[in-house]
Number of protein chains: 2
Amino acid sequence: MDESEIPKYWFNIQAVMPNKPLPILNPATREPLSSKDLYPIFCEACADQELNTTDEWIPIPEPVREQYAGYRCTPLVRAYELEEALGTPAHIYFKNESVSPAGSHKLNSALAQAYYAKEQGITNITTETGAGQWGGALSYAAKKFGIECAVYMVKVSYEQKPYRRSIMQTFGAAITPSPSMSTRAGKDILTVNPADNGSLGCAISEAIELAVNTPGCKYALGSVLNHVCLHQTVIGLEAEKQMAFAGEYPDIVVACFGGGSNFSGIAFPFMRHNIQDGKKTRFVAAEPLSCPKLTRGKFEYDFGDEAGLTPLLPMYTLGHTFKPASIHAGGLRYHGAGVILSQLMKDGFMEAVDISQTESFKAGVLFARTEGIIPAPESCHAIAATVREAIKCKESGEAKTILFNLSGHGFVDMAAYDQYISGNLGDISISEDDLARYISSADALNR
Amino acid sequence: MDESEIPKYWFNIQAVMPNKPLPILNPATREPLSSKDLYPIFCEACADQELNTTDEWIPIPEPVREQYAGYRCTPLVRAYELEEALGTPAHIYFKNESVSPAGSHKLNSALAQAYYAKEQGITNITTETGAGQWGGALSYAAKKFGIECAVYMVKVSYEQKPYRRSIMQTFGAAITPSPSMSTRAGKDILTVNPADNGSLGCAISEAIELAVNTPGCKYALGSVLNHVCLHQTVIGLEAEKQMAFAGEYPDIVVACFGGGSNFSGIAFPFMRHNIQDGKKTRFVAAEPLSCPKLTRGKFEYDFGDEAGLTPLLPMYTLGHTFKPASIHAGGLRYHGAGVILSQLMKDGFMEAVDISQTESFKAGVLFARTEGIIPAPESCHAIAATVREAIKCKESGEAKTILFNLSGHGFVDMAAYDQYISGNLGDISISEDDLARYISSADALNR
């Protein structure tokens, strides 16, 4: 499919959900927030999209579509050689989002957010990044729309992932290791412990503080929020047309799951047919064994960050004090699931599986050797869940059609593959006791 | 263009050259070699192609075309935003070979060589790799055709570029740091100096030794040789159709130059129209300042490797004892130019420029920020030469059409960008005295 087939609208699933998401709350007053309450932090257009539960189709601004045309439509590929290696009668398709300039699906929302910032007269945008996929995407998007980008990068990642840092710098962004002395939040932490290694929670606090206190500066987030999930629906809308072109419709849709943005992107456009047209597609979220918010978390109000600075979000959570293990799939190390996704999970529209780190890399290496693309550690989780379904098909003899999202490539994550190949990669689970202790930090907010 | 547009034939420029290349010689007898003399080392089909000066079009085997279809036709892109940033009236196009599974054009020949090996009943293929682009491509190609691949990787690269090593291992190849104890050549070096860091020359010797002494094993090379240049002509043949679709024909074709394979690929299909149809396109090879074989080398017979184990090749050379500086563009650190290319250079069909390391990265960063692709350090040289031509157009007001080959992406080379961005990258030239001393090692063979 060529550029003319790039969708002209994003699909807003909020408009068709049988049960709308619960409101997000001001933690002090427990009153529902309006989009205007979010204007000090986010661009107005994004804040409005966040709480838009009525418009099913939201136009993609033409300058964003023009940027999409640089890499979209992304390929939909039938994984014949993977099928053959597994000996499965299943038809396996993947949507290849790794071809974006930033190497992952993250750019789909980064371009939208940078465009809206520019349109509103914003000159600077700021964000946090852990693994670096989102930071890289926003750095590139900001450069494209001529605004400055400042990224707070978790200090341990800044030091351990210099390649990701260099990608952001190559795209022209200013990178600050977090915690830093540039914000009160950072100073407070460094005063107590000058050797603090940083956390995503602290980096979020620093970026929000910068945005709120700097005229002409707004904050951008790369997952979890409704407007981010909205922007990602270009993935599934394209895939729907491409599948139709191949004469197929998915029985199962699979994606890895961190905050939920790539899952939303591939799933929501198909899920609308479950909601509206009686289709029976299964939607499988693949989360890491060490961060099992959907399979073992609890649905309740919780903060989006560790420090407790955000509004209260109704979501599946492991508790905002949850300390995720240092798995290589940094993009899946988040304690909560997006608000829309949590409601859909609660209402039975999707399911979740957890995947160990070694299972994920085993699947990733098989995929590399058959389909020729080295997947990001996050995407390896989706592949592993797909392999499980394909093997079930082999056992049952059913030729199901499985579609998964290849969210990104792994060229900058080869150290992780090296560890796996050399047999030095372990699995990390979480005990019932630790889980209960973390979740109690959210329970306390729901009494 | 879709798969059906993938060329069905490679273009063999040897058949139309006004002056055929001089013969390659047995160094002991000084007699011209026949393709049969090459059978102990190379697959027979490749050896035959090496010395084929009569067939203008050579069919691409269907299984190779099927593998090409996994990533070809590669995109031809007009670099509008680069043009705008330079303020040039020139039309700049690039052919994007970085989209191949191995991340560079190298796969175009690796697939062909692995296929011919398989067809001949070969079970094992071996090669050397420095920077790792070629080793990665051959690892992947061997996996696709179900043969084993053993790569001798220069020890210093093995240790300094673990990501490239991991890519090859992920694709299933066995990697040995060279010098190794697995060959006589390696043992001899390690006996003298157990801490030897290795060289491309030694790695070539080890791979050839393994191929010659192992039943069912052949050697493969990633550049320089005629059959490798032949396989790369798919690049230019596609580009010719794509340019015509855009209503353009290049005034200038640019590519970086190591041994000459990506240059041949983009240039030869257009050069045939200079030879046959009176076109006046200029062909510009961009070589590094520190390895200036075309701009400052000498045309004479020389060995292809440092140790002097190969046949004598008539080529532009810096002398086979040349020790290239440790620039990041590892793929351009070769002392000689391919035989066909050397003859074409001698006959005035192409020209060359040398580019400093900092000029190359400056151009690469500009390209990343405008076109969104982080180029390989090798490709940065082509971009820098393109920028020079585009600036000349700005000065003269001419709207020339420039086409360059983006041979690969730089995701695995971010350490080099980091060094450039942090201001720690230097330039390396070579003195007249050193040059004369190196070239004398070739002179000695031509008396």
# chains A, B, ... in the order shown; residues from 1 in each chain; ligands from 1
>>> interface_residues(of="chain B", to="chain A", cutoff="6 Å", atoms="only C-alpha atoms", output="list in words")
Pro101, Tyr163, Ser166, Thr170, Phe171, Val365, Arg369, Gly372, Ile373, Met414 and Asp418 of chain B
>>> select_by_dssp(residues="segment 277-344 of chain A", states="helix (DSSP H, G or I)", output="NGL selection string")
:A and (277 or 293-296 or 330-332 or 339-344)
>>> write_last_selection(atoms="N, CA, C and O atoms", output="CSV table (one decimal), in the first residue's frame")
chain,number,residue,atom,x,y,z
A,277,ASP,N,-19.6,-5.4,15.5
A,277,ASP,CA,-20.1,-6.3,14.4
A,277,ASP,C,-20.1,-7.7,14.8
A,277,ASP,O,-20.2,-8.6,13.9
A,293,LYS,N,1.3,-6.7,35.3
A,293,LYS,CA,0.2,-5.9,35.8
A,293,LYS,C,-1.1,-6.4,35.4
A,293,LYS,O,-2.1,-6.2,36.1
A,294,LEU,N,-1.2,-7.0,34.2
A,294,LEU,CA,-2.5,-7.4,33.7
A,294,LEU,C,-2.9,-8.8,34.3
A,294,LEU,O,-4.1,-9.1,34.6
A,295,THR,N,-1.9,-9.7,34.4
A,295,THR,CA,-2.2,-11.0,34.9
A,295,THR,C,-2.3,-11.1,36.4
A,295,THR,O,-3.0,-12.0,36.9
A,296,ARG,N,-1.5,-10.3,37.1
A,296,ARG,CA,-1.5,-10.4,38.6
A,296,ARG,C,-1.7,-9.1,39.3
A,296,ARG,O,-1.6,-9.0,40.5
A,330,GLY,N,13.1,-2.8,28.5
A,330,GLY,CA,12.9,-1.6,29.3
A,330,GLY,C,11.6,-1.0,29.1
A,330,GLY,O,11.0,-0.4,30.0
A,331,GLY,N,11.1,-1.1,27.9
A,331,GLY,CA,9.8,-0.5,27.6
A,331,GLY,C,8.6,-1.1,28.2
A,331,GLY,O,7.5,-0.6,28.1
A,332,LEU,N,8.8,-2.3,28.8
A,332,LEU,CA,7.7,-3.0,29.4
A,332,LEU,C,7.7,-2.9,31.0
A,332,LEU,O,6.9,-3.5,31.7
A,339,VAL,N,-5.6,3.6,31.0
A,339,VAL,CA,-7.0,3.7,31.5
A,339,VAL,C,-8.0,3.0,30.6
A,339,VAL,O,-8.8,2.2,31.1
A,340,ILE,N,-7.9,3.3,29.3
A,340,ILE,CA,-8.8,2.6,28.4
A,340,ILE,C,-8.6,1.1,28.4
A,340,ILE,O,-9.5,0.3,28.5
A,341,LEU,N,-7.3,0.7,28.3
A,341,LEU,CA,-7.0,-0.7,28.3
A,341,LEU,C,-7.4,-1.4,29.5
A,341,LEU,O,-7.9,-2.6,29.4
A,342,SER,N,-7.3,-0.8,30.6
A,342,SER,CA,-7.7,-1.4,31.9
A,342,SER,C,-9.2,-1.7,31.9
A,342,SER,O,-9.6,-2.7,32.3
A,343,GLN,N,-10.0,-0.7,31.4
A,343,GLN,CA,-11.4,-0.9,31.3
A,343,GLN,C,-11.8,-2.1,30.4
A,343,GLN,O,-12.6,-2.9,30.7
A,344,LEU,N,-11.1,-2.1,29.3
A,344,LEU,CA,-11.4,-3.2,28.3
A,344,LEU,C,-11.0,-4.5,28.8
A,344,LEU,O,-11.6,-5.5,28.6
>>> residues_around(residues="segment 175-184 of chain B", least_positions_apart="6", cutoff="12 Å", atoms="only C-alpha atoms", output="number ranges by chain")
B: 126-130, 132, 135-136, 138-139, 148-162, 164-169, 190-214
>>> residues_around(residues="Pro23 of chain A", least_positions_apart="5", cutoff="10 Å", atoms="only C-alpha atoms", output="PyMOL selection string")
chain A and resi 31-34+51+301+312-314+339
>>> residues_around(residues="segment 107-111 of chain A", least_positions_apart="5", cutoff="9 Å", atoms="only C-alpha atoms", output="VMD selection string")
chain A and resid 64 67 to 68 100 to 102 116 133 to 134 136 to 142 144 to 145 220 to 223 227 to 235
>>> write_last_selection(atoms="N, CA and C atoms", output="PDB file, in the first residue's frame")
ATOM      1  N   VAL A  64       1.040  15.964   9.875  1.00  0.00           N
ATOM      2  CA  VAL A  64       1.412  14.702  10.531  1.00  0.00           C
ATOM      3  C   VAL A  64       1.353  13.566   9.510  1.00  0.00           C
ATOM      4  N   GLN A  67       4.401  13.568   7.429  1.00  0.00           N
ATOM      5  CA  GLN A  67       5.541  12.926   8.101  1.00  0.00           C
ATOM      6  C   GLN A  67       5.348  11.407   8.155  1.00  0.00           C
ATOM      7  N   TYR A  68       4.134  10.979   8.392  1.00  0.00           N
ATOM      8  CA  TYR A  68       3.863   9.525   8.348  1.00  0.00           C
ATOM      9  C   TYR A  68       4.303   8.934   7.003  1.00  0.00           C
ATOM     10  N   SER A 100      10.269   2.495  11.034  1.00  0.00           N
ATOM     11  CA  SER A 100      10.214   3.945  11.232  1.00  0.00           C
ATOM     12  C   SER A 100      11.615   4.493  11.477  1.00  0.00           C
ATOM     13  N   PRO A 101      11.853   5.776  11.137  1.00  0.00           N
ATOM     14  CA  PRO A 101      13.186   6.355  11.341  1.00  0.00           C
ATOM     15  C   PRO A 101      13.698   6.170  12.768  1.00  0.00           C
ATOM     16  N   ALA A 102      12.810   6.198  13.740  1.00  0.00           N
ATOM     17  CA  ALA A 102      13.241   6.035  15.128  1.00  0.00           C
ATOM     18  C   ALA A 102      13.332   4.561  15.513  1.00  0.00           C
ATOM     19  N   TYR A 116       1.282  19.145  17.400  1.00  0.00           N
ATOM     20  CA  TYR A 116       0.315  19.926  18.190  1.00  0.00           C
ATOM     21  C   TYR A 116       1.031  20.981  19.028  1.00  0.00           C
ATOM     22  N   GLN A 133      13.634   4.319  23.491  1.00  0.00           N
ATOM     23  CA  GLN A 133      12.851   4.280  22.242  1.00  0.00           C
ATOM     24  C   GLN A 133      11.984   5.534  22.122  1.00  0.00           C
ATOM     25  N   TRP A 134      11.311   5.866  23.200  1.00  0.00           N
ATOM     26  CA  TRP A 134      10.432   7.039  23.164  1.00  0.00           C
ATOM     27  C   TRP A 134      11.241   8.322  23.037  1.00  0.00           C
ATOM     28  N   GLY A 136      14.097   8.757  21.662  1.00  0.00           N
ATOM     29  CA  GLY A 136      14.604   8.850  20.298  1.00  0.00           C
ATOM     30  C   GLY A 136      13.521   9.326  19.335  1.00  0.00           C
ATOM     31  N   ALA A 137      12.324   8.804  19.515  1.00  0.00           N
ATOM     32  CA  ALA A 137      11.217   9.181  18.629  1.00  0.00           C
ATOM     33  C   ALA A 137      10.850  10.649  18.807  1.00  0.00           C
ATOM     34  N   LEU A 138      10.751  11.100  20.065  1.00  0.00           N
ATOM     35  CA  LEU A 138      10.369  12.495  20.288  1.00  0.00           C
ATOM     36  C   LEU A 138      11.471  13.444  19.819  1.00  0.00           C
ATOM     37  N   SER A 139      12.728  13.054  19.985  1.00  0.00           N
ATOM     38  CA  SER A 139      13.848  13.890  19.513  1.00  0.00           C
ATOM     39  C   SER A 139      13.728  14.126  18.015  1.00  0.00           C
ATOM     40  N   TYR A 140      13.442  13.040  17.293  1.00  0.00           N
ATOM     41  CA  TYR A 140      13.310  13.131  15.844  1.00  0.00           C
ATOM     42  C   TYR A 140      12.085  13.977  15.449  1.00  0.00           C
ATOM     43  N   ALA A 141      10.965  13.718  16.122  1.00  0.00           N
ATOM     44  CA  ALA A 141       9.725  14.436  15.792  1.00  0.00           C
ATOM     45  C   ALA A 141       9.873  15.931  16.066  1.00  0.00           C
ATOM     46  N   ALA A 142      10.508  16.281  17.164  1.00  0.00           N
ATOM     47  CA  ALA A 142      10.703  17.692  17.495  1.00  0.00           C
ATOM     48  C   ALA A 142      11.545  18.374  16.429  1.00  0.00           C
ATOM     49  N   LYS A 144      11.778  17.524  13.327  1.00  0.00           N
ATOM     50  CA  LYS A 144      10.982  17.662  12.111  1.00  0.00           C
ATOM     51  C   LYS A 144      10.069  18.871  12.159  1.00  0.00           C
ATOM     52  N   PHE A 145       9.522  19.179  13.354  1.00  0.00           N
ATOM     53  CA  PHE A 145       8.599  20.313  13.438  1.00  0.00           C
ATOM     54  C   PHE A 145       9.278  21.572  13.982  1.00  0.00           C
ATOM     55  N   ALA A 220       5.477  15.708  27.182  1.00  0.00           N
ATOM     56  CA  ALA A 220       4.921  14.666  26.303  1.00  0.00           C
ATOM     57  C   ALA A 220       5.195  13.300  26.916  1.00  0.00           C
ATOM     58  N   LEU A 221       4.234  12.404  26.802  1.00  0.00           N
ATOM     59  CA  LEU A 221       4.408  11.048  27.331  1.00  0.00           C
ATOM     60  C   LEU A 221       4.263  10.055  26.178  1.00  0.00           C
ATOM     61  N   GLY A 222       4.970   8.936  26.270  1.00  0.00           N
ATOM     62  CA  GLY A 222       5.047   8.025  25.129  1.00  0.00           C
ATOM     63  C   GLY A 222       4.124   6.834  25.170  1.00  0.00           C
ATOM     64  N   SER A 223       3.375   6.640  26.258  1.00  0.00           N
ATOM     65  CA  SER A 223       2.462   5.493  26.331  1.00  0.00           C
ATOM     66  C   SER A 223       1.391   5.796  27.366  1.00  0.00           C
ATOM     67  N   HIS A 227      -4.600   9.654  24.623  1.00  0.00           N
ATOM     68  CA  HIS A 227      -4.293  10.287  23.335  1.00  0.00           C
ATOM     69  C   HIS A 227      -3.102   9.602  22.662  1.00  0.00           C
ATOM     70  N   VAL A 228      -2.209   9.018  23.447  1.00  0.00           N
ATOM     71  CA  VAL A 228      -1.088   8.276  22.854  1.00  0.00           C
ATOM     72  C   VAL A 228      -1.610   7.002  22.172  1.00  0.00           C
ATOM     73  N   CYS A 229      -2.489   6.297  22.879  1.00  0.00           N
ATOM     74  CA  CYS A 229      -3.090   5.084  22.301  1.00  0.00           C
ATOM     75  C   CYS A 229      -3.863   5.432  21.025  1.00  0.00           C
ATOM     76  N   LEU A 230      -4.546   6.566  21.057  1.00  0.00           N
ATOM     77  CA  LEU A 230      -5.289   7.038  19.881  1.00  0.00           C
ATOM     78  C   LEU A 230      -4.367   7.177  18.670  1.00  0.00           C
ATOM     79  N   HIS A 231      -3.239   7.872  18.869  1.00  0.00           N
ATOM     80  CA  HIS A 231      -2.326   8.121  17.736  1.00  0.00           C
ATOM     81  C   HIS A 231      -1.797   6.814  17.139  1.00  0.00           C
ATOM     82  N   GLN A 232      -1.672   5.794  17.991  1.00  0.00           N
ATOM     83  CA  GLN A 232      -1.113   4.529  17.509  1.00  0.00           C
ATOM     84  C   GLN A 232      -2.092   3.727  16.650  1.00  0.00           C
ATOM     85  N   THR A 233      -3.360   4.134  16.606  1.00  0.00           N
ATOM     86  CA  THR A 233      -4.328   3.319  15.856  1.00  0.00           C
ATOM     87  C   THR A 233      -4.071   3.303  14.351  1.00  0.00           C
ATOM     88  N   VAL A 234      -3.175   4.182  13.868  1.00  0.00           N
ATOM     89  CA  VAL A 234      -2.800   4.074  12.447  1.00  0.00           C
ATOM     90  C   VAL A 234      -2.274   2.669  12.133  1.00  0.00           C
ATOM     91  N   ILE A 235      -1.641   2.035  13.123  1.00  0.00           N
ATOM     92  CA  ILE A 235      -1.064   0.703  12.897  1.00  0.00           C
ATOM     93  C   ILE A 235      -2.161  -0.288  12.505  1.00  0.00           C
TER      94      ILE A 235
END
>>> residues_around(residues="segment 4-16 of chain A", least_positions_apart="5", cutoff="6 Å", atoms="only C-alpha atoms", output="list in words")
Thr53, Thr54, Asp55, Glu56, Trp57, Ile58, Pro59, Ile60, Cys73, Leu230 and Thr233 of chain A
